[in-house]
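**Q** Just so it is clear, I am handing over run_7.txt, which has compact mmCIF, C-alpha atoms.
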# COMPACT_ATOMS: atom_id res chain seq x y z
CA MET E 1 -30.78 -49.86 -105.95
CA LEU E 2 -33.81 -51.81 -104.93
CA GLN E 3 -31.98 -55.09 -104.35
CA ARG E 4 -30.22 -53.86 -101.22
CA ILE E 5 -30.88 -55.25 -97.76
CA GLN E 6 -32.36 -51.96 -96.54
CA THR E 7 -35.15 -52.37 -99.10
CA PHE E 8 -36.06 -55.66 -97.45
CA TYR E 9 -36.00 -54.08 -93.98
CA LEU E 10 -38.14 -51.14 -95.04
CA THR E 11 -40.64 -53.33 -96.94
CA VAL E 12 -41.12 -55.68 -93.99
CA ALA E 13 -41.60 -52.69 -91.68
CA ALA E 14 -44.24 -51.22 -94.03
CA VAL E 15 -46.07 -54.55 -94.23
CA LEU E 16 -46.06 -54.88 -90.43
CA ILE E 17 -47.62 -51.44 -89.96
CA ALA E 18 -50.16 -52.13 -92.72
CA VAL E 19 -51.13 -55.46 -91.12
CA MET E 20 -51.48 -53.70 -87.80
CA GLY E 21 -54.16 -51.53 -89.38
CA TRP E 22 -56.46 -54.47 -90.07
CA THR E 23 -55.89 -56.67 -87.04
CA GLU E 24 -57.10 -56.33 -83.49
CA ILE E 25 -54.47 -54.66 -81.31
CA GLY E 26 -56.11 -54.99 -77.93
CA ASN E 27 -59.12 -55.54 -75.71
CA VAL E 28 -60.33 -53.62 -72.68
CA VAL E 29 -62.58 -55.33 -70.16
CA VAL E 30 -64.61 -52.98 -67.95
CA ASP E 31 -67.85 -53.31 -66.01
CA SER E 32 -69.90 -52.08 -68.96
CA GLY E 33 -68.52 -54.66 -71.40
CA ILE E 34 -65.60 -55.74 -73.53
CA TYR E 35 -64.15 -53.29 -76.06
CA SER E 36 -62.03 -54.33 -79.03
CA PHE E 37 -59.52 -51.99 -80.70
CA THR E 38 -57.97 -51.81 -84.14
CA LEU E 39 -56.21 -48.83 -85.70
CA THR E 40 -59.43 -47.97 -87.50
CA LYS E 41 -62.16 -48.39 -84.89
CA MET E 42 -63.19 -49.30 -81.37
CA THR E 43 -66.14 -51.63 -81.04
CA GLN E 44 -67.97 -52.98 -78.04
CA VAL E 45 -67.95 -56.75 -78.24
CA SER E 46 -70.51 -57.42 -75.52
CA GLY E 47 -73.04 -55.37 -73.66
CA GLY E 48 -74.42 -53.07 -76.30
CA GLU E 49 -73.74 -51.03 -79.38
CA LEU E 50 -70.66 -48.85 -79.58
CA ASN E 51 -68.70 -48.12 -82.69
CA THR E 52 -66.14 -45.34 -82.54
CA ASN E 53 -63.93 -44.36 -85.46
CA LEU E 54 -60.27 -43.84 -84.75
CA ILE E 55 -59.52 -42.00 -87.97
CA ASP E 56 -56.51 -40.20 -86.46
CA LEU E 57 -54.74 -43.51 -85.76
CA THR E 58 -55.66 -44.72 -89.24
CA ILE E 59 -54.19 -41.60 -90.84
CA LEU E 60 -51.00 -41.87 -88.79
CA GLY E 61 -50.58 -45.53 -89.80
CA ALA E 62 -51.19 -44.66 -93.46
CA ILE E 63 -48.63 -41.84 -93.32
CA ILE E 64 -46.06 -44.24 -91.89
CA VAL E 65 -46.67 -46.83 -94.62
CA ILE E 66 -46.59 -44.23 -97.41
CA LEU E 67 -43.40 -42.72 -96.00
CA GLN E 68 -41.82 -46.19 -95.90
CA PHE E 69 -42.42 -46.59 -99.64
CA VAL E 70 -41.15 -43.07 -100.33
CA ILE E 71 -37.96 -44.04 -98.47
CA ILE E 72 -37.65 -47.25 -100.50
CA PHE E 73 -38.00 -45.49 -103.85
CA SER E 74 -35.64 -42.62 -103.02
CA TYR E 75 -32.66 -44.96 -103.20
CA LYS E 76 -30.58 -42.52 -105.25
CA LYS E 77 -30.70 -39.94 -102.44
CA ARG E 78 -29.19 -41.76 -99.49
CA VAL E 79 -28.97 -38.73 -97.21
CA LEU E 80 -32.69 -38.08 -97.74
CA GLN E 81 -33.34 -41.75 -97.01
CA LEU E 82 -31.48 -41.43 -93.71
CA ARG E 83 -33.44 -38.35 -92.67
CA LEU E 84 -36.82 -39.76 -93.66
CA SER E 85 -36.08 -43.05 -91.89
CA THR E 86 -35.26 -41.19 -88.70
CA TYR E 87 -38.45 -39.16 -89.04
CA ASN E 88 -40.41 -42.36 -89.63
CA ILE E 89 -39.01 -43.88 -86.43
CA LEU E 90 -40.32 -40.87 -84.55
CA LEU E 91 -43.73 -41.32 -86.19
CA MET E 92 -43.78 -44.98 -85.12
CA VAL E 93 -42.97 -44.03 -81.53
CA GLY E 94 -45.83 -41.55 -81.79
CA LEU E 95 -48.10 -44.31 -83.13
CA ILE E 96 -47.30 -46.48 -80.12
CA ALA E 97 -47.89 -43.65 -77.65
CA PHE E 98 -51.01 -42.37 -79.39
CA SER E 99 -52.60 -45.81 -79.65
CA TRP E 100 -51.82 -46.47 -75.98
CA TRP E 101 -53.45 -43.15 -75.09
CA LYS E 102 -56.50 -43.85 -77.28
CA ILE E 103 -57.00 -47.20 -75.54
CA TYR E 104 -56.61 -45.89 -72.00
CA SER E 105 -58.23 -42.46 -72.16
CA PRO E 106 -61.91 -43.49 -72.48
CA PHE E 107 -61.62 -45.86 -69.53
CA LYS E 108 -59.30 -44.06 -67.09
CA GLU E 109 -62.19 -42.98 -64.84
CA MET E 110 -63.63 -46.49 -64.56
CA GLU E 111 -62.53 -48.90 -61.86
CA GLY E 112 -61.32 -52.40 -62.56
CA ASN E 113 -60.48 -52.06 -66.22
CA LEU E 114 -58.24 -54.75 -67.67
CA VAL E 115 -56.28 -54.12 -70.85
CA ALA E 116 -55.01 -57.03 -72.92
CA TYR E 117 -52.74 -56.21 -75.84
CA LYS E 118 -52.41 -58.55 -78.78
CA ILE E 119 -49.32 -59.40 -80.82
CA PRO E 120 -49.89 -56.67 -83.49
CA MET E 121 -49.25 -54.02 -80.81
CA ALA E 122 -45.59 -55.09 -80.97
CA PHE E 123 -45.38 -54.56 -84.74
CA PRO E 124 -44.33 -50.88 -84.48
CA ILE E 125 -41.48 -51.89 -82.16
CA VAL E 126 -40.27 -54.46 -84.69
CA ALA E 127 -40.68 -51.86 -87.46
CA ILE E 128 -38.56 -49.39 -85.46
CA ILE E 129 -35.81 -52.00 -85.16
CA LEU E 130 -36.03 -52.74 -88.89
CA ASN E 131 -35.85 -49.01 -89.71
CA TYR E 132 -32.77 -48.72 -87.50
CA LEU E 133 -31.15 -51.62 -89.35
CA ALA E 134 -32.03 -49.93 -92.65
CA ILE E 135 -30.43 -46.69 -91.43
CA ARG E 136 -27.24 -48.57 -90.63
CA SER E 137 -27.23 -50.22 -94.07
CA ILE E 138 -27.89 -46.93 -95.84
CA GLY E 139 -25.04 -45.35 -93.86
CA LYS E 140 -22.70 -48.15 -94.93
CA ASP E 141 -23.68 -47.63 -98.56
CA GLU E 142 -23.05 -43.90 -98.27
CA ALA E 143 -19.64 -44.52 -96.70
CA LEU E 144 -18.77 -46.95 -99.50
CA VAL E 145 -19.76 -44.46 -102.20
CA ARG E 146 -17.74 -41.70 -100.54
CA SER E 147 -14.67 -43.92 -100.26
CA VAL E 148 -14.90 -44.86 -103.93
CA ASP E 149 -15.28 -41.19 -104.88
CA ARG E 150 -12.17 -40.39 -102.87
CA ILE E 151 -10.13 -42.97 -104.79
CA ARG E 152 -10.96 -41.40 -108.14
Would you give me this structure, written as structure tokens?
**A**
Amino acid sequence: MLQRIQTFYLTVAAVLIAVMGWTEIGNVVVDSGIYSFTLTKMTQVSGGELNTNLIDLTILGAIIVILQFVIIFSYKKRVLQLRLSTYNILLMVGLIAFSWWKIYSPFKEMEGNLVAYKIPMAFPIVAIILNYLAIRSIGKDEALVRSVDRIR
């Protein structure tokens, strides 16, 4: 049923990842200028023209959000919900690692680079916690249904 607490957890997690896609997740300051990162692109704020698409991060974020809504609307199949939620947690860990790598890899050869992450970089961590809470709630629902079936 959609009015369960796990629906709230999963919806908030999907919204956090979607918001992360449109907001700035970090800045890198190097000798050649200041670079700004979102999940969709990297732009050079000062010092020239640079606009790099990060379509792979965008696709990964979109897959996570779509999978969140698939999990929400598969409420009749709790075991599938548990498996997909676990898989989605792994995707979110991959999003964190991949975005960290995409920020550091172009500038690893340069000296004196300074990376400043913004608050939206913590959104996948919060979404992982919310998915874990949803997994616990789904597990409790499954245990309740099994205990009621045993009584019959």
**Q** Find the spatial neighbours of stretch 32-35 of chain E, counting only C-alpha atoms, within a cut-off of 7 Å - ignore same-chain residues fewer than 3 positions away - and output them as a count of residues only.
**A** 9
**Q** For stretch 126-133 of chain E, work out the shell of residues within 8 Å, counting all atoms listed in the file and skipping chain neighbours fewer than 4 positions away, then give it as a list in words.
**A** Gln6, Tyr9, Leu10, Val12, Ala13, Ala14, Leu16, Ile17, Ser85, Thr86, Ile89, Met92, Val93, Ala122 and Ser137 of chain E
**Q** Please save C-alpha atoms of the selected residues as a short mmCIF file (atom, residue, chain, number, x, y, z; two decimals), keeping the file's coordinate frame.
**A**
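Output (again19.cif):
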data_model
loop_
_atom_site.label_atom_id
_atom_site.label_comp_id
_atom_site.auth_asym_id
_atom_site.auth_seq_id
_atom_site.Cartn_x
_atom_site.Cartn_y
_atom_site.Cartn_z
CA GLN E 6 -32.36 -51.96 -96.54
CA TYR E 9 -36.00 -54.08 -93.98
CA LEU E 10 -38.14 -51.14 -95.04
CA VAL E 12 -41.12 -55.68 -93.99
CA ALA E 13 -41.60 -52.69 -91.68
CA ALA E 14 -44.24 -51.22 -94.03
CA LEU E 16 -46.06 -54.88 -90.43
CA ILE E 17 -47.62 -51.44 -89.96
CA SER E 85 -36.08 -43.05 -91.89
CA THR E 86 -35.26 -41.19 -88.70
CA ILE E 89 -39.01 -43.88 -86.43
CA MET E 92 -43.78 -44.98 -85.12
CA VAL E 93 -42.97 -44.03 -81.53
CA ALA E 122 -45.59 -55.09 -80.97
CA SER E 137 -27.23 -50.22 -94.07
#
**Q** Between atom CA of E:Leu82 and atom CA of E:Ile135, what distance in Å does the model show, to one decimal?
**A**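 Atom CA of E:Ile135 lies 5.8 Å from atom CA of E:Leu82.
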